[in-house]
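For reference, start29.csv (CSV, N, CA, C and O atoms):
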```
chain,number,residue,atom,x,y,z
A,47,MET,N,91.1,55.1,101.8
A,47,MET,CA,90.0,55.8,102.3
A,47,MET,C,90.4,56.9,103.2
A,47,MET,O,89.8,58.0,103.3
A,48,GLU,N,91.5,56.7,104.0
A,48,GLU,CA,92.0,57.7,104.9
A,48,GLU,C,92.4,58.9,104.2
A,48,GLU,O,92.3,60.1,104.6
A,49,ARG,N,93.0,58.8,103.0
A,49,ARG,CA,93.5,59.9,102.2
A,49,ARG,C,92.3,60.8,101.9
A,49,ARG,O,92.4,62.0,101.9
A,50,MET,N,91.2,60.2,101.6
A,50,MET,CA,90.0,61.0,101.2
A,50,MET,C,89.6,61.8,102.4
A,50,MET,O,89.2,63.0,102.3
A,51,GLY,N,89.6,61.2,103.6
A,51,GLY,CA,89.3,61.9,104.8
A,51,GLY,C,90.2,63.1,105.1
A,51,GLY,O,89.8,64.2,105.5
A,52,GLN,N,91.5,62.9,104.9
A,52,GLN,CA,92.5,64.0,105.0
A,52,GLN,C,92.2,65.1,104.0
A,52,GLN,O,92.3,66.3,104.4
A,53,PHE,N,91.9,64.7,102.8
A,53,PHE,CA,91.6,65.7,101.8
A,53,PHE,C,90.5,66.6,102.2
A,53,PHE,O,90.5,67.8,102.1
A,54,ASN,N,89.4,65.9,102.6
A,54,ASN,CA,88.2,66.7,103.0
A,54,ASN,C,88.4,67.6,104.2
A,54,ASN,O,87.9,68.7,104.3
A,55,ARG,N,89.2,67.1,105.2
A,55,ARG,CA,89.5,67.9,106.4
A,55,ARG,C,90.3,69.1,106.0
A,55,ARG,O,90.1,70.2,106.5
A,56,ARG,N,91.3,68.9,105.2
A,56,ARG,CA,92.2,70.0,104.7
A,56,ARG,C,91.4,71.1,103.9
A,56,ARG,O,91.6,72.3,104.1
A,57,ARG,N,90.6,70.6,103.0
A,57,ARG,CA,89.8,71.5,102.2
A,57,ARG,C,88.8,72.2,103.1
A,57,ARG,O,88.6,73.4,102.9
A,58,GLY,N,88.2,71.6,104.1
A,58,GLY,CA,87.3,72.2,105.0
A,58,GLY,C,88.0,73.3,105.8
A,58,GLY,O,87.5,74.4,106.1
A,59,LEU,N,89.3,73.0,106.2
A,59,LEU,CA,90.0,74.0,107.0
A,59,LEU,C,90.3,75.3,106.2
A,59,LEU,O,90.1,76.4,106.6
A,60,ARG,N,90.7,75.1,104.9
A,60,ARG,CA,90.9,76.2,104.0
A,60,ARG,C,89.6,77.0,103.8
A,60,ARG,O,89.6,78.3,103.8
A,61,ARG,N,88.5,76.3,103.7
A,61,ARG,CA,87.2,77.0,103.6
A,61,ARG,C,86.9,77.8,104.8
A,61,ARG,O,86.4,78.9,104.8
A,62,GLU,N,87.1,77.2,106.0
A,62,GLU,CA,86.9,77.9,107.2
A,62,GLU,C,87.7,79.2,107.4
A,62,GLU,O,87.2,80.2,107.7
A,63,VAL,N,89.0,79.1,107.1
A,63,VAL,CA,89.9,80.2,107.1
A,63,VAL,C,89.4,81.3,106.2
A,63,VAL,O,89.3,82.5,106.6
A,64,LEU,N,89.2,81.0,104.9
A,64,LEU,CA,88.8,82.0,104.0
A,64,LEU,C,87.4,82.6,104.3
A,64,LEU,O,87.2,83.8,104.2
A,65,GLY,N,86.5,81.7,104.8
A,65,GLY,CA,85.2,82.2,105.2
A,65,GLY,C,85.3,83.2,106.3
A,65,GLY,O,84.5,84.2,106.4
A,66,ARG,N,86.1,82.9,107.3
A,66,ARG,CA,86.3,83.9,108.4
A,66,ARG,C,86.8,85.2,107.9
A,66,ARG,O,86.4,86.3,108.3
A,67,LEU,N,87.8,85.2,107.0
A,67,LEU,CA,88.3,86.4,106.5
A,67,LEU,C,87.3,87.2,105.6
A,67,LEU,O,87.2,88.4,105.6
A,68,TYR,N,86.5,86.4,104.9
A,68,TYR,CA,85.4,87.0,104.1
A,68,TYR,C,84.4,87.8,105.0
A,68,TYR,O,84.1,88.9,104.8
A,69,ASP,N,84.0,87.1,106.1
A,69,ASP,CA,83.0,87.7,107.0
A,69,ASP,C,83.7,89.0,107.7
A,69,ASP,O,83.0,90.0,107.8
A,70,SER,N,84.9,88.8,108.1
A,70,SER,CA,85.6,90.0,108.8
A,70,SER,C,85.8,91.2,107.8
A,70,SER,O,85.8,92.3,108.3
A,71,TRP,N,86.0,90.9,106.5
A,71,TRP,CA,86.1,92.0,105.5
A,71,TRP,C,85.0,92.9,105.6
A,71,TRP,O,85.1,94.2,105.6
A,72,PHE,N,83.8,92.4,105.7
A,72,PHE,CA,82.6,93.2,105.7
A,72,PHE,C,82.3,93.8,107.1
A,72,PHE,O,81.8,94.9,107.3
A,73,GLU,N,82.5,93.0,108.1
A,73,GLU,CA,82.3,93.4,109.5
A,73,GLU,C,83.3,94.5,109.9
A,73,GLU,O,82.9,95.4,110.7
A,74,LEU,N,84.5,94.5,109.4
A,74,LEU,CA,85.5,95.5,109.8
A,74,LEU,C,85.7,96.5,108.7
A,74,LEU,O,86.8,97.2,108.7
A,75,ALA,N,84.8,96.6,107.7
A,75,ALA,CA,84.9,97.6,106.7
A,75,ALA,C,86.2,97.5,105.9
A,75,ALA,O,86.8,98.6,105.6
A,76,GLY,N,86.6,96.3,105.6
A,76,GLY,CA,87.8,96.1,104.8
A,76,GLY,C,89.1,96.1,105.6
A,76,GLY,O,90.2,96.0,105.0
A,77,GLU,N,89.1,96.4,106.9
A,77,GLU,CA,90.3,96.4,107.7
A,77,GLU,C,90.8,95.0,107.9
A,77,GLU,O,89.9,94.1,108.1
A,78,PRO,N,92.1,94.7,108.0
A,78,PRO,CA,92.5,93.4,108.3
A,78,PRO,C,92.3,92.9,109.7
A,78,PRO,O,92.1,93.8,110.6
A,79,ILE,N,92.2,91.6,109.9
A,79,ILE,CA,92.1,91.2,111.3
A,79,ILE,C,93.5,90.9,111.8
A,79,ILE,O,94.5,90.8,111.0
A,80,ILE,N,93.7,91.0,113.1
A,80,ILE,CA,95.0,90.8,113.7
A,80,ILE,C,95.0,89.4,114.4
A,80,ILE,O,94.1,89.1,115.2
A,81,LEU,N,95.9,88.6,113.9
A,81,LEU,CA,96.1,87.2,114.4
A,81,LEU,C,97.4,87.0,115.1
A,81,LEU,O,98.4,87.6,114.6
A,82,THR,N,97.5,86.2,116.1
A,82,THR,CA,98.8,85.9,116.7
A,82,THR,C,99.5,84.9,115.8
A,82,THR,O,98.9,84.1,115.1
A,83,GLY,N,100.8,84.8,116.0
A,83,GLY,CA,101.5,83.7,115.3
A,83,GLY,C,101.0,82.4,115.7
A,83,GLY,O,101.0,81.4,114.9
A,84,GLU,N,100.6,82.2,117.0
A,84,GLU,CA,100.1,80.9,117.5
A,84,GLU,C,98.8,80.6,116.7
A,84,GLU,O,98.6,79.4,116.4
A,85,GLU,N,97.9,81.6,116.5
A,85,GLU,CA,96.7,81.3,115.7
A,85,GLU,C,97.0,80.8,114.3
A,85,GLU,O,96.2,80.0,113.8
A,86,ILE,N,98.0,81.3,113.7
A,86,ILE,CA,98.3,80.9,112.4
A,86,ILE,C,99.2,79.6,112.3
A,86,ILE,O,99.0,78.7,111.5
A,87,ASN,N,100.3,79.6,113.2
A,87,ASN,CA,101.3,78.5,113.1
A,87,ASN,C,101.2,77.5,114.2
A,87,ASN,O,102.0,76.6,114.2
A,88,GLY,N,100.2,77.6,115.1
A,88,GLY,CA,100.1,76.7,116.2
A,88,GLY,C,99.9,75.2,115.8
A,88,GLY,O,100.3,74.3,116.5
A,89,ASP,N,99.3,75.0,114.7
A,89,ASP,CA,98.9,73.7,114.2
A,89,ASP,C,99.5,73.6,112.7
A,89,ASP,O,99.3,74.5,111.9
A,90,VAL,N,100.2,72.5,112.4
A,90,VAL,CA,100.8,72.4,111.1
A,90,VAL,C,99.7,72.5,110.0
A,90,VAL,O,99.9,73.2,109.0
A,91,GLU,N,98.6,71.9,110.1
A,91,GLU,CA,97.6,71.9,109.1
A,91,GLU,C,97.0,73.3,108.9
A,91,GLU,O,96.8,73.8,107.8
A,92,ARG,N,96.8,74.1,110.0
A,92,ARG,CA,96.4,75.5,109.9
A,92,ARG,C,97.4,76.3,109.2
A,92,ARG,O,97.1,77.2,108.3
A,93,LYS,N,98.7,76.2,109.6
A,93,LYS,CA,99.8,76.9,109.0
A,93,LYS,C,99.8,76.7,107.5
A,93,LYS,O,99.9,77.6,106.7
A,94,LEU,N,99.7,75.4,107.1
A,94,LEU,CA,99.7,75.1,105.7
A,94,LEU,C,98.4,75.7,104.9
A,94,LEU,O,98.5,76.1,103.8
A,95,ALA,N,97.3,75.7,105.6
A,95,ALA,CA,96.1,76.3,105.0
A,95,ALA,C,96.3,77.8,104.7
A,95,ALA,O,96.0,78.3,103.6
A,96,TYR,N,96.9,78.5,105.7
A,96,TYR,CA,97.2,80.0,105.5
A,96,TYR,C,98.2,80.1,104.4
A,96,TYR,O,98.0,81.0,103.5
A,97,ARG,N,99.2,79.3,104.4
A,97,ARG,CA,100.2,79.4,103.3
A,97,ARG,C,99.7,79.1,101.9
A,97,ARG,O,99.9,79.9,101.0
A,98,TYR,N,98.9,78.1,101.8
A,98,TYR,CA,98.2,77.8,100.5
A,98,TYR,C,97.4,78.9,100.0
A,98,TYR,O,97.5,79.3,98.9
A,99,LEU,N,96.5,79.4,100.9
A,99,LEU,CA,95.6,80.5,100.5
A,99,LEU,C,96.4,81.8,100.1
A,99,LEU,O,96.0,82.5,99.2
A,100,ALA,N,97.5,82.0,100.8
A,100,ALA,CA,98.3,83.2,100.5
A,100,ALA,C,99.0,83.0,99.1
A,100,ALA,O,99.0,83.9,98.3
A,101,GLU,N,99.5,81.8,98.9
A,101,GLU,CA,100.2,81.6,97.7
A,101,GLU,C,99.3,81.6,96.5
A,101,GLU,O,99.6,81.9,95.3
A,102,LYS,N,98.0,81.2,96.7
A,102,LYS,CA,97.0,81.3,95.7
A,102,LYS,C,96.5,82.7,95.4
A,102,LYS,O,95.8,83.0,94.5
A,103,GLY,N,96.9,83.6,96.3
A,103,GLY,CA,96.5,85.0,96.1
A,103,GLY,C,95.1,85.3,96.7
A,103,GLY,O,94.5,86.3,96.3
A,104,LEU,N,94.6,84.4,97.6
A,104,LEU,CA,93.3,84.6,98.1
A,104,LEU,C,93.3,85.3,99.4
A,104,LEU,O,92.2,85.8,99.9
A,105,LEU,N,94.4,85.4,100.1
A,105,LEU,CA,94.6,86.2,101.3
A,105,LEU,C,95.9,86.9,101.3
A,105,LEU,O,96.8,86.5,100.6
A,106,ARG,N,96.0,87.9,102.2
A,106,ARG,CA,97.2,88.7,102.3
A,106,ARG,C,97.6,88.7,103.8
A,106,ARG,O,96.7,88.9,104.7
A,107,MET,N,98.9,88.4,104.1
A,107,MET,CA,99.4,88.4,105.5
A,107,MET,C,100.6,89.3,105.5
A,107,MET,O,101.4,89.2,104.7
A,108,SER,N,100.7,90.1,106.6
A,108,SER,CA,101.9,90.9,106.8
A,108,SER,C,102.1,91.0,108.3
A,108,SER,O,101.2,91.1,109.1
A,109,PRO,N,103.4,91.0,108.7
A,109,PRO,CA,103.7,91.2,110.1
A,109,PRO,C,103.2,92.5,110.7
A,109,PRO,O,103.3,93.5,110.0
A,110,ALA,N,102.7,92.4,111.9
A,110,ALA,CA,102.2,93.6,112.6
A,110,ALA,C,103.2,93.9,113.6
A,110,ALA,O,104.3,94.4,113.3
A,111,SER,N,102.9,93.6,114.9
A,111,SER,CA,103.9,93.8,116.0
A,111,SER,C,103.8,92.7,117.0
A,111,SER,O,102.7,92.0,117.1
A,112,ASP,N,104.8,92.5,117.7
A,112,ASP,CA,104.8,91.5,118.8
A,112,ASP,C,104.4,90.1,118.4
A,112,ASP,O,103.6,89.5,119.0
A,113,GLY,N,104.8,89.6,117.2
A,113,GLY,CA,104.5,88.3,116.7
A,113,GLY,C,103.1,88.2,116.2
A,113,GLY,O,102.5,87.1,116.1
A,114,GLN,N,102.5,89.3,115.9
A,114,GLN,CA,101.1,89.3,115.4
A,114,GLN,C,101.2,89.6,113.9
A,114,GLN,O,102.1,90.1,113.3
A,115,PHE,N,100.1,89.2,113.2
A,115,PHE,CA,100.0,89.4,111.7
A,115,PHE,C,98.7,90.1,111.4
A,115,PHE,O,97.7,89.8,112.0
A,116,GLU,N,98.7,91.0,110.4
A,116,GLU,CA,97.5,91.5,109.8
A,116,GLU,C,97.2,90.6,108.7
A,116,GLU,O,98.0,90.3,107.8
A,117,VAL,N,95.9,90.1,108.7
A,117,VAL,CA,95.5,89.2,107.7
A,117,VAL,C,94.2,89.6,107.1
A,117,VAL,O,93.3,90.0,107.8
A,118,SER,N,94.1,89.6,105.7
A,118,SER,CA,92.8,90.0,105.1
A,118,SER,C,92.6,89.2,103.8
A,118,SER,O,93.6,88.7,103.2
A,119,ILE,N,91.4,89.1,103.4
A,119,ILE,CA,91.1,88.4,102.2
A,119,ILE,C,91.4,89.4,101.0
A,119,ILE,O,91.3,90.6,101.2
A,120,THR,N,91.7,88.9,99.9
A,120,THR,CA,92.0,89.7,98.7
A,120,THR,C,90.7,89.8,97.9
A,120,THR,O,89.7,89.0,98.1
A,121,VAL,N,90.7,90.6,96.9
A,121,VAL,CA,89.5,90.7,96.0
A,121,VAL,C,89.4,89.3,95.3
A,121,VAL,O,88.2,88.9,95.0
A,122,GLN,N,90.5,88.7,95.0
A,122,GLN,CA,90.4,87.3,94.4
A,122,GLN,C,89.7,86.3,95.3
A,122,GLN,O,88.9,85.5,94.8
A,123,GLY,N,90.0,86.4,96.6
A,123,GLY,CA,89.4,85.6,97.6
A,123,GLY,C,87.9,85.8,97.7
A,123,GLY,O,87.1,84.9,97.7
A,124,ILE,N,87.5,87.1,97.7
A,124,ILE,CA,86.1,87.5,97.7
A,124,ILE,C,85.4,86.9,96.4
A,124,ILE,O,84.3,86.3,96.5
A,125,ASP,N,86.0,87.1,95.3
A,125,ASP,CA,85.4,86.6,94.0
A,125,ASP,C,85.3,85.1,94.1
A,125,ASP,O,84.2,84.6,93.6
A,126,ARG,N,86.3,84.4,94.6
A,126,ARG,CA,86.2,82.9,94.7
A,126,ARG,C,85.0,82.5,95.5
A,126,ARG,O,84.2,81.6,95.0
A,127,ILE,N,84.8,83.1,96.6
A,127,ILE,CA,83.7,82.7,97.5
A,127,ILE,C,82.3,83.0,96.8
A,127,ILE,O,81.4,82.2,96.8
A,128,GLU,N,82.2,84.2,96.2
A,128,GLU,CA,81.0,84.7,95.7
A,128,GLU,C,80.7,84.0,94.3
A,128,GLU,O,79.5,83.8,94.0
A,129,MET,N,81.7,83.6,93.6
A,129,MET,CA,81.4,82.9,92.3
A,129,MET,C,81.1,81.4,92.5
A,129,MET,O,80.3,80.9,91.8
A,130,THR,N,81.8,80.8,93.5
A,130,THR,CA,81.6,79.4,93.7
A,130,THR,C,80.6,79.0,94.8
A,130,THR,O,80.1,77.9,94.8
A,131,GLY,N,80.3,80.0,95.6
A,131,GLY,CA,79.5,79.7,96.8
A,131,GLY,C,80.2,78.9,97.8
A,131,GLY,O,79.7,78.5,98.8
A,132,GLU,N,81.5,78.7,97.6
A,132,GLU,CA,82.4,78.0,98.6
A,132,GLU,C,83.3,78.9,99.2
A,132,GLU,O,83.7,79.9,98.7
A,133,ASN,N,83.8,78.5,100.4
A,133,ASN,CA,84.8,79.3,101.1
A,133,ASN,C,86.2,78.7,100.9
A,133,ASN,O,87.0,78.5,101.8
A,134,GLU,N,86.6,78.5,99.6
A,134,GLU,CA,87.9,78.1,99.3
A,134,GLU,C,88.5,78.7,98.1
A,134,GLU,O,87.9,78.9,97.1
```
Translate this structure into structure tokens?
Amino acid sequence: MERMGQFNRRRGLRREVLGRLYDSWFELAGEPIILTGEEINGDVERKLAYRYLAEKGLLRMSPASDGQFEVSITVQGIDRIEMTGENE
């Protein structure tokens, strides 16, 4: 039963991350958001969520400056949310 709880928490975290990027895409007219390394890597589960979404091609990350990253949703990520109604 615990594994199911972990599965749901991890899936929820990925939905949260992608949903935030989806919203920022429209709020910032397509410009990436700037996140610190701590915001991405501070928690192992969050780090893995960003890595998973990047490897799936749903978000793009690139180093900015001073340990910060430019992060944005890809068109595939937007399509995923809009086609499924989910943020994953």
### Message
Can you pull out the residues contacting region 66-71 of chain A? Cut-off 8 Å, using only N, CA, C and O atoms, and skip same-chain residues under 2 positions away; I want them as a PyMOL selection string.
### Response
chain A and resi 59-64+73-79+104+117-120+123-124+133
### Minimum-distance residue to Ile80 (chain A), chosen among A:Glu101, A:Glu48, A:Asp125, A:Glu116 (using only N, CA, C and O atoms)
A:Glu116
### Message
When you count all atoms listed in the file, which of these residues is closest to Arg106 (chain A): A:Val121, A:Glu84, A:Leu94, A:Arg55?
### Response
A:Val121
#### Entry: Spatial neighbours of region 90-92 of chain A, 8 Å, only C-alpha atoms, chain gap at least 3 places, as a PyMOL selection string
chain A and resi 56+59+86-87+95-96
### Task
In Å, rounded to a single decimal, give me how far CA of Asn54 (chain A) is from CA of Thr130 (chain A).
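Interatomic distance here is 17.1 Å.
Here atom C of Gly88 (chain A) is placed at a distance of 28.1 Å from atom O of Phe72 (chain A).
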### Query
Please, which residues of chain A, numbered as in this document, come out strand (DSSP E or B) from DSSP, as a list in words?
Ile79, Ile80, Leu81, Thr82, Leu105, Arg106, Met107, Ser108, Pro109, Gln114, Phe115, Glu116, Val117, Ser118 and Ile119 of chain A
### Residue among A:Gly51, A:Gly113, A:Gln122, A:Tyr98 lying closest to Glu85 (chain A), counting only N, CA, C and O atoms
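Closest to Glu85 (chain A) of all the choices is A:Gly113.
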### Coordinates-based distance that separates CA of Met107 (chain A) from atom O of Met129 (chain A) (Å, one decimal)
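A separation of 24.7 Å between them.
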### Task
Please run DSSP on the backbone and report, as a VMD selection string, all residues within chain A that come out as helix (DSSP H, G or I).
chain A and resid 48 to 73 83 to 87 90 to 101 121 to 130
Missing atoms in region 58-69 of chain A should be modelled up to all heavy atoms and reported as a short mmCIF file (atom, residue, chain, number, x, y, z; two decimals), keeping the file's coordinate frame.
```
data_model
loop_
_atom_site.label_atom_id
_atom_site.label_comp_id
_atom_site.auth_asym_id
_atom_site.auth_seq_id
_atom_site.Cartn_x
_atom_site.Cartn_y
_atom_site.Cartn_z
N GLY A 58 88.20 71.60 104.10
CA GLY A 58 87.30 72.20 105.00
C GLY A 58 88.00 73.30 105.80
O GLY A 58 87.50 74.40 106.10
N LEU A 59 89.30 73.00 106.20
CA LEU A 59 90.00 74.00 107.00
C LEU A 59 90.30 75.30 106.20
O LEU A 59 90.10 76.40 106.60
CB LEU A 59 91.33 73.40 107.50
CG LEU A 59 92.24 74.31 108.31
CD1 LEU A 59 91.52 74.86 109.54
CD2 LEU A 59 93.49 73.54 108.71
N ARG A 60 90.70 75.10 104.90
CA ARG A 60 90.90 76.20 104.00
C ARG A 60 89.60 77.00 103.80
O ARG A 60 89.60 78.30 103.80
CB ARG A 60 91.46 75.77 102.68
CG ARG A 60 92.86 75.22 102.79
CD ARG A 60 93.53 75.03 101.45
NE ARG A 60 92.79 74.21 100.52
CZ ARG A 60 92.98 72.89 100.36
NH1 ARG A 60 93.87 72.26 101.09
NH2 ARG A 60 92.27 72.23 99.46
N ARG A 61 88.50 76.30 103.70
CA ARG A 61 87.20 77.00 103.60
C ARG A 61 86.90 77.80 104.80
O ARG A 61 86.40 78.90 104.80
CB ARG A 61 86.07 76.00 103.32
CG ARG A 61 86.06 75.41 101.96
CD ARG A 61 84.97 74.39 101.85
NE ARG A 61 84.90 73.87 100.51
CZ ARG A 61 84.22 72.81 100.17
NH1 ARG A 61 83.53 72.14 101.07
NH2 ARG A 61 84.19 72.41 98.93
N GLU A 62 87.10 77.20 106.00
CA GLU A 62 86.90 77.90 107.20
C GLU A 62 87.70 79.20 107.40
O GLU A 62 87.20 80.20 107.70
CB GLU A 62 87.24 76.94 108.39
CG GLU A 62 87.17 77.56 109.76
CD GLU A 62 87.78 76.64 110.82
OE1 GLU A 62 87.54 75.42 110.76
OE2 GLU A 62 88.50 77.17 111.69
N VAL A 63 89.00 79.10 107.10
CA VAL A 63 89.90 80.20 107.10
C VAL A 63 89.40 81.30 106.20
O VAL A 63 89.30 82.50 106.60
CB VAL A 63 91.36 79.84 106.83
CG1 VAL A 63 92.23 81.07 106.62
CG2 VAL A 63 91.92 78.97 107.95
N LEU A 64 89.20 81.00 104.90
CA LEU A 64 88.80 82.00 104.00
C LEU A 64 87.40 82.60 104.30
O LEU A 64 87.20 83.80 104.20
CB LEU A 64 88.78 81.42 102.56
CG LEU A 64 88.85 82.44 101.44
CD1 LEU A 64 90.10 83.32 101.54
CD2 LEU A 64 88.82 81.75 100.09
N GLY A 65 86.50 81.70 104.80
CA GLY A 65 85.20 82.20 105.20
C GLY A 65 85.30 83.20 106.30
O GLY A 65 84.50 84.20 106.40
N ARG A 66 86.10 82.90 107.30
CA ARG A 66 86.30 83.90 108.40
C ARG A 66 86.80 85.20 107.90
O ARG A 66 86.40 86.30 108.30
CB ARG A 66 87.31 83.27 109.43
CG ARG A 66 87.63 84.17 110.58
CD ARG A 66 88.64 83.56 111.51
NE ARG A 66 88.93 84.46 112.61
CZ ARG A 66 89.97 84.32 113.41
NH1 ARG A 66 90.79 83.31 113.27
NH2 ARG A 66 90.18 85.19 114.37
N LEU A 67 87.80 85.20 107.00
CA LEU A 67 88.30 86.40 106.50
C LEU A 67 87.30 87.20 105.60
O LEU A 67 87.20 88.40 105.60
CB LEU A 67 89.56 86.13 105.64
CG LEU A 67 90.74 85.60 106.44
CD1 LEU A 67 91.87 85.19 105.51
CD2 LEU A 67 91.20 86.61 107.47
N TYR A 68 86.50 86.40 104.90
CA TYR A 68 85.40 87.00 104.10
C TYR A 68 84.40 87.80 105.00
O TYR A 68 84.10 88.90 104.80
CB TYR A 68 84.65 85.92 103.32
CG TYR A 68 83.48 86.41 102.50
CD1 TYR A 68 83.66 86.94 101.23
CD2 TYR A 68 82.18 86.33 103.00
CE1 TYR A 68 82.59 87.38 100.47
CE2 TYR A 68 81.10 86.76 102.25
CZ TYR A 68 81.31 87.29 100.99
OH TYR A 68 80.23 87.73 100.25
N ASP A 69 84.00 87.10 106.10
CA ASP A 69 83.00 87.70 107.00
C ASP A 69 83.70 89.00 107.70
O ASP A 69 83.00 90.00 107.80
CB ASP A 69 82.61 86.74 108.08
CG ASP A 69 81.75 85.63 107.53
OD1 ASP A 69 81.17 85.79 106.42
OD2 ASP A 69 81.64 84.58 108.19
#
```
